[in-house]
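First up is the structure itself, then whatever we jot down about it.
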Amino acid sequence: MSNEFGFSIKSLRFDENYTPAENTRLTTNFANLARGESRQQNLRSTLNMINNRFNALANWDNPKGDRYSVELDIISVELNIDAARSDNALPIIEILQTTIVDHQTNQRIDGVTGNNFSSYVRDYDFSVRLLEHNKGKDSFSVPEQFGELHGNLFQAFVGSPTYKECFKKPPVICISVSTTKTYQQTENVHPILGVEYRQDDDSLTDEYFNKMGLKVRYFMPPGSVAPLAFYHTGDLLNDYSNLELISTISTMDTFQKIYRPEVYNANSVAGKSYQASLKQQDHSLTRIVYDREERSQLAIEQGKFVEESFIKPYQNLLEQWSANWSANR
C-alpha cells in the first residue's frame with residue numbers, strides 16, 4: 001500500500017514577472033501578492049525587501065550592502081495516487097526554495113528548502129474539519145487523528161526519492177508565532193538567528209507540525225521585532241550554514257512584515273515576555289497590497305474543494321495508506 005503513492009515536483013520562479021499557475025492554491029500568499037493593479041510593484045518591492053534584509057544580516061565582507069541577492073522558486077508538489085500513472089496527480093503542497101547569488105564571487109549557493117508552507121489538506125483540516133467538529137459546542141476540542149494524514153503525506157514526500165533527488169537537506173518551515181501563547185526570552189543568543197524564546201505549552205500549530213515530523217524553536221533575529229517559529233528536523237543551529245539561515249530569515253521576515261504587520265512591523269521590539277497580537281495598533285504598513293480577509297475566505301472555499309475532490313473520493317484508500325505508513329515507518 002505504501003508504494004502506491006508517488007510524488008512529482010514542479011518549479012516556478014517567483015520574480016516580478018510571476019504569474020500563478022492554473023492549479024496554484026489561491027490562498028497561497030504568493031498568488032495573493034501577484035493579483036490586481038499593483039501586482040508587479042508588489043512583487044518588485046517584496047524582492048527588494050528580501051535582498052536588503054539579506055545583505056543587512058550578511059554584512060561581513062559586504063561594505064556596500066549589495067553583495068548578495070536571493071532568487072526564489074515556488075516548489076509545487078503533486079501526489080500521484082497511483083505512482084505508475086501521472087494523469088491523476090493532485091497538487092497538495094507548496095514550499096519555497098531559496099538560492100543565494102554572490103555577486104562578488106559569481107557563485108550560486110543553495111539556500112533553504114521549505115520557508116513558506118501551503119497545503120490543500122491543511123486548509124481542509126483547519127478550515128473545514130476543525131470548524132465542523134466544534135460547531136455548536138461550548139468548549140474547543142480537536143477531532144481524533146487530526147493532522148495525521150497530512151503529517152504522513154508530508155513525511156512520505158520528504159523521505160521520497162523525488163525529494164532527495166532535488167534537495168540536499170531537510171526542509172525548514174518558518175512562520176509567525178501563535179497569538180494565543182506567551183513566549184519567554186532565554187539567555188541563548190545565536191549570531192544569525194538571534195535571541196531564542198521558549199514557551200511551555202504547544203500551540204495547535206506546533207502539534208500539527210509535529211505530526212509532520214518537525215520540531216520547533218523560536219528565535220528573534222537581529223533587526224527583527226518579534227520572534228519567528230522555525231520548524232525543522234535535526235539540528236537547526238548546526239545543520240545549516242549562516243547564509244542558508246539568512247536566506248530563510250530574510251525571506252520569511254519580509255513576508256511576515258507584509259502578512260502580519262501588527263506583529264512583525266510593529267514599532268516596538270518584543271520584550272522578555274512576549275505575546276503576539278493582531279490588535280496591536282502601533283505598527284507600520286508596508287507599501288505592498290495584501291488582502292488578508294480574502295485569504296481567509298479562500299481557505300474555507302479551498303478546504304471544501306479538497307474535501308470534495310480528494311478526501312471523500314479517496315477516503316478509504318487514504319485511511320488505509322496512512323495507517324499502513326504509520327505502522328511501517
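Quick note on naming: the chains in the C-alpha cells go A, B, ... in the order shown, residues restart at 1 in each chain, and ligands are numbered from 1 in order of appearance.
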What are the closest atom pairs, with distances in Å to one decimal, for each residue of region 80-168 of chain A lying within 12 Å of region 235-257 of chain A, using only C-alpha atoms, rows by chain and rising residue number, as a Markdown table?
```
| residue | atom | partner | partner_atom | distance |
| --- | --- | --- | --- | --- |
| A:Ile95 | CA | A:Met252 | CA | 11.9 |
| A:Leu96 | CA | A:Thr248 | CA | 9.6 |
| A:Gln97 | CA | A:Thr248 | CA | 9.3 |
| A:Thr98 | CA | A:Ser247 | CA | 6.5 |
| A:Thr99 | CA | A:Ser247 | CA | 7.8 |
| A:Ile100 | CA | A:Ser247 | CA | 7.2 |
| A:Val101 | CA | A:Leu243 | CA | 10.5 |
| A:Asp102 | CA | A:Leu243 | CA | 10.4 |
| A:Arg108 | CA | A:Leu243 | CA | 11.6 |
| A:Ile109 | CA | A:Glu244 | CA | 8.5 |
| A:Asp110 | CA | A:Glu244 | CA | 7.4 |
| A:Gly111 | CA | A:Glu244 | CA | 4.6 |
| A:Val112 | CA | A:Glu244 | CA | 5.6 |
| A:Thr113 | CA | A:Thr248 | CA | 8.7 |
| A:Gly114 | CA | A:Thr248 | CA | 8.6 |
| A:Asn115 | CA | A:Thr248 | CA | 6.0 |
| A:Asn116 | CA | A:Met252 | CA | 7.1 |
| A:Phe117 | CA | A:Met252 | CA | 10.7 |
| A:Lys168 | CA | A:Tyr240 | CA | 11.0 |
```
All strand (DSSP E or B) residues (DSSP, backbone) inside region 69-186 of chain A, as a ChimeraX atom specification: /A:69-80,89-102,107-119,172-176,183-186
With region 299-309 of chain A as the partner and 9 Å as the cut-off, tabulate the residues of region 103-212 of chain A that qualify, each row holding the nearest pair of atoms and their distance in Å to one decimal, using only C-alpha atoms, sorted by chain and rising number, as CSV.
```
residue,atom,partner,partner_atom,distance
A:Tyr120,CA,A:Val306,CA,6.4
A:Val121,CA,A:Val306,CA,6.8
A:Arg122,CA,A:Gly303,CA,7.8
A:Asp123,CA,A:Gly303,CA,4.6
A:Tyr124,CA,A:Gly303,CA,3.8
A:Asp125,CA,A:Gly303,CA,7.4
A:Phe126,CA,A:Gly303,CA,8.1
A:Ser127,CA,A:Ile300,CA,5.0
A:Val128,CA,A:Gly303,CA,5.9
A:Arg129,CA,A:Gly303,CA,8.6
```
Written selection (N, CA, C and O atoms) as a PDB file, in the first residue's frame:
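Everything below was put into out_36.pdb:
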```
ATOM      1  N   TYR A 120      -3.190  22.172   0.650  1.00  0.00           N
ATOM      2  CA  TYR A 120      -4.630  21.977   0.484  1.00  0.00           C
ATOM      3  C   TYR A 120      -5.220  21.188   1.646  1.00  0.00           C
ATOM      4  O   TYR A 120      -6.293  21.504   2.160  1.00  0.00           O
ATOM      5  N   VAL A 121      -4.545  20.119   2.053  1.00  0.00           N
ATOM      6  CA  VAL A 121      -5.078  19.269   3.115  1.00  0.00           C
ATOM      7  C   VAL A 121      -5.112  20.022   4.432  1.00  0.00           C
ATOM      8  O   VAL A 121      -6.025  19.845   5.239  1.00  0.00           O
ATOM      9  N   ARG A 122      -4.148  20.893   4.673  1.00  0.00           N
ATOM     10  CA  ARG A 122      -4.186  21.708   5.891  1.00  0.00           C
ATOM     11  C   ARG A 122      -5.377  22.660   5.845  1.00  0.00           C
ATOM     12  O   ARG A 122      -6.025  22.916   6.863  1.00  0.00           O
ATOM     13  N   ASP A 123      -5.696  23.210   4.660  1.00  0.00           N
ATOM     14  CA  ASP A 123      -6.909  24.030   4.527  1.00  0.00           C
ATOM     15  C   ASP A 123      -8.132  23.240   4.954  1.00  0.00           C
ATOM     16  O   ASP A 123      -9.002  23.740   5.670  1.00  0.00           O
ATOM     17  N   TYR A 124      -8.191  21.994   4.495  1.00  0.00           N
ATOM     18  CA  TYR A 124      -9.328  21.141   4.857  1.00  0.00           C
ATOM     19  C   TYR A 124      -9.357  20.890   6.365  1.00  0.00           C
ATOM     20  O   TYR A 124     -10.412  21.012   7.006  1.00  0.00           O
ATOM     21  N   ASP A 125      -8.211  20.550   6.934  1.00  0.00           N
ATOM     22  CA  ASP A 125      -8.163  20.239   8.368  1.00  0.00           C
ATOM     23  C   ASP A 125      -8.607  21.414   9.229  1.00  0.00           C
ATOM     24  O   ASP A 125      -9.440  21.269  10.132  1.00  0.00           O
ATOM     25  N   PHE A 126      -8.066  22.606   8.959  1.00  0.00           N
ATOM     26  CA  PHE A 126      -8.318  23.754   9.831  1.00  0.00           C
ATOM     27  C   PHE A 126      -9.585  24.525   9.465  1.00  0.00           C
ATOM     28  O   PHE A 126     -10.278  25.032  10.346  1.00  0.00           O
ATOM     29  N   SER A 127      -9.885  24.629   8.176  1.00  0.00           N
ATOM     30  CA  SER A 127     -10.990  25.487   7.748  1.00  0.00           C
ATOM     31  C   SER A 127     -12.298  24.744   7.523  1.00  0.00           C
ATOM     32  O   SER A 127     -13.340  25.375   7.367  1.00  0.00           O
ATOM     33  N   VAL A 128     -12.250  23.420   7.508  1.00  0.00           N
ATOM     34  CA  VAL A 128     -13.471  22.629   7.332  1.00  0.00           C
ATOM     35  C   VAL A 128     -13.638  21.656   8.495  1.00  0.00           C
ATOM     36  O   VAL A 128     -14.574  21.772   9.285  1.00  0.00           O
ATOM     37  N   ARG A 129     -12.723  20.730   8.632  1.00  0.00           N
ATOM     38  CA  ARG A 129     -12.899  19.658   9.621  1.00  0.00           C
ATOM     39  C   ARG A 129     -12.923  20.200  11.052  1.00  0.00           C
ATOM     40  O   ARG A 129     -13.793  19.831  11.849  1.00  0.00           O
TER      41      ARG A 129
END
```
Selected residue of minimal separation from Asp15 (chain A) among A:Asp201, A:Asp73, A:Asp66, A:Asp61, counting only C-alpha atoms: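 For Asp15 (chain A), the nearest of the given residues is A:Asp73.
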Atom-to-atom span, CA of Phe146 (chain A) and CA of Lys312 (chain A), Å: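 Separation of CA of Phe146 (chain A) and CA of Lys312 (chain A): 15.9 Å.
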Minimum-distance residue to Leu193 (chain A), chosen among A:Lys181, A:Arg217, A:Lys135, A:Lys64 (using only C-alpha atoms): A:Arg217
Secondary structure check, helix (DSSP H, G or I) residues of region 98-305 of chain A, as an MDAnalysis selection string: chainID A and resid 120:134 148:158 161:166 204:210 242:259 261:264 292:305
Mind checking which residues fall within 12 Å of region 315-322 of chain A, counting only C-alpha atoms, ignoring those fewer than 5 positions away in the same chain, and posting them as a compact mmCIF listing (two decimals) with N, CA, C and O atoms, in the first residue's frame?
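Heads up, here's the output in out-v1.txt:
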```txt
# COMPACT_ATOMS: atom_id res chain seq x y z
N MET A 1 0.83 -1.21 0.00
CA MET A 1 0.00 0.00 0.00
C MET A 1 0.86 1.26 0.00
O MET A 1 0.61 2.21 -0.71
N SER A 2 1.96 1.26 0.79
CA SER A 2 2.75 2.48 0.92
C SER A 2 3.48 2.82 -0.38
O SER A 2 3.93 3.94 -0.56
N ASN A 3 3.62 1.83 -1.28
CA ASN A 3 4.33 2.08 -2.53
C ASN A 3 3.41 2.59 -3.63
O ASN A 3 3.86 2.84 -4.74
N GLU A 4 2.12 2.72 -3.36
CA GLU A 4 1.19 3.12 -4.40
C GLU A 4 1.16 4.62 -4.63
O GLU A 4 0.65 5.08 -5.64
N PHE A 5 1.68 5.40 -3.71
CA PHE A 5 1.67 6.85 -3.85
C PHE A 5 3.03 7.31 -4.37
O PHE A 5 4.08 6.86 -3.90
N LEU A 79 0.73 14.83 -5.76
CA LEU A 79 0.62 13.45 -5.29
C LEU A 79 -0.04 12.61 -6.38
O LEU A 79 -1.10 12.97 -6.89
N ILE A 81 -1.85 9.23 -6.88
CA ILE A 81 -2.48 8.15 -6.15
C ILE A 81 -1.94 6.80 -6.61
O ILE A 81 -1.72 5.89 -5.82
N ASP A 82 -1.68 6.69 -7.90
CA ASP A 82 -1.03 5.51 -8.45
C ASP A 82 0.30 5.97 -9.03
O ASP A 82 0.33 6.70 -10.02
N VAL A 121 -4.55 20.12 2.05
CA VAL A 121 -5.08 19.27 3.12
C VAL A 121 -5.11 20.02 4.43
O VAL A 121 -6.03 19.84 5.24
N GLN A 145 -7.35 11.83 15.47
CA GLN A 145 -6.37 11.68 14.38
C GLN A 145 -6.23 12.96 13.55
O GLN A 145 -5.88 12.91 12.37
N GLY A 147 -4.78 15.81 11.72
CA GLY A 147 -3.47 16.11 11.14
C GLY A 147 -2.62 14.90 10.81
O GLY A 147 -1.53 15.06 10.26
N GLU A 148 -3.11 13.70 11.12
CA GLU A 148 -2.26 12.52 10.90
C GLU A 148 -2.06 12.22 9.41
O GLU A 148 -0.96 11.91 8.98
N LEU A 149 -3.14 12.29 8.62
CA LEU A 149 -3.00 12.06 7.18
C LEU A 149 -2.05 13.09 6.58
O LEU A 149 -1.13 12.75 5.84
N HIS A 150 -2.28 14.34 6.90
CA HIS A 150 -1.43 15.41 6.37
C HIS A 150 0.02 15.20 6.78
O HIS A 150 0.94 15.32 5.95
N GLY A 151 0.25 14.88 8.05
CA GLY A 151 1.61 14.67 8.53
C GLY A 151 2.29 13.50 7.84
O GLY A 151 3.47 13.58 7.49
N ASN A 152 1.56 12.43 7.62
CA ASN A 152 2.14 11.27 6.95
C ASN A 152 2.45 11.56 5.49
O ASN A 152 3.47 11.11 4.96
N LEU A 153 1.57 12.30 4.82
CA LEU A 153 1.83 12.67 3.43
C LEU A 153 3.10 13.52 3.32
O LEU A 153 3.93 13.32 2.44
N PHE A 154 3.25 14.46 4.25
CA PHE A 154 4.43 15.34 4.24
C PHE A 154 5.69 14.53 4.48
O PHE A 154 6.70 14.69 3.77
N GLN A 155 5.67 13.67 5.49
CA GLN A 155 6.86 12.88 5.79
C GLN A 155 7.19 11.90 4.67
O GLN A 155 8.37 11.65 4.38
N ALA A 156 6.16 11.36 4.03
CA ALA A 156 6.40 10.47 2.90
C ALA A 156 7.06 11.22 1.75
O ALA A 156 7.97 10.70 1.09
N VAL A 306 -10.98 20.57 -1.54
CA VAL A 306 -10.16 19.38 -1.35
C VAL A 306 -10.95 18.26 -0.69
O VAL A 306 -10.72 17.08 -0.95
N GLU A 307 -11.94 18.63 0.13
CA GLU A 307 -12.81 17.62 0.72
C GLU A 307 -13.57 16.87 -0.37
O GLU A 307 -13.66 15.63 -0.35
N GLU A 308 -14.12 17.61 -1.33
CA GLU A 308 -14.94 17.01 -2.38
C GLU A 308 -14.12 16.29 -3.45
O GLU A 308 -14.54 15.28 -3.99
N SER A 309 -12.92 16.82 -3.74
CA SER A 309 -12.14 16.28 -4.85
C SER A 309 -11.07 15.28 -4.43
O SER A 309 -10.55 14.55 -5.27
N PHE A 310 -10.75 15.25 -3.13
CA PHE A 310 -9.63 14.41 -2.69
C PHE A 310 -9.99 13.54 -1.49
O PHE A 310 -9.86 12.32 -1.53
N ALA A 327 2.39 2.56 10.62
CA ALA A 327 2.80 1.30 11.25
C ALA A 327 4.18 0.84 10.77
O ALA A 327 4.89 0.16 11.49
N ASN A 328 4.55 1.24 9.55
CA ASN A 328 5.79 0.70 8.95
C ASN A 328 6.95 1.68 8.93
O ASN A 328 8.03 1.31 8.48
N ARG A 329 6.76 2.90 9.40
CA ARG A 329 7.87 3.86 9.31
C ARG A 329 8.88 3.63 10.43
O ARG A 329 8.59 3.04 11.44
```
Neighbour list for Leu204 (chain A) as a list in words, cut-off 12 Å, only C-alpha atoms, skip fewer than 3 positions in-chain: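 Answer for this query is Asp125, Phe126, Leu130, Phe140, Ser141, Val142, Pro143, Phe146, Gly147, Val177, Ser178, Thr179, Thr180, Lys181, Asp201, Glu207, Tyr208, Phe209, Asn210 and Lys211 of chain A.
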Atomic separation - CA of Ala226 (chain A) relative to CA of Met212 (chain A), Å: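 These atoms are spaced 24.8 Å apart.
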From A:Ser139, A:Thr286, A:Thr105, A:Ser277, residue lying nearest Ile258 (chain A) [only C-alpha atoms]: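 Ranked by minimum distance to Ile258 (chain A), first place goes to A:Thr286.
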Given only C-alpha atoms as the counted atoms, nearest of A:Val269, A:Gln185, A:Leu57, A:Phe157 to Trp325 (chain A): A:Phe157
Using only C-alpha atoms: which of A:Leu12, A:Val158, A:Leu72, A:Val195 has the shortest distance to Thr233 (chain A):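 Between A:Leu12, A:Val158, A:Leu72, A:Val195, the residue approaching Thr233 (chain A) most closely is A:Val158.
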Residue among A:Lys10, A:His283, A:His190, A:Lys164 lying closest to Glu78 (chain A), counting only C-alpha atoms: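 Closest residue, counting only C-alpha atoms: A:Lys10.
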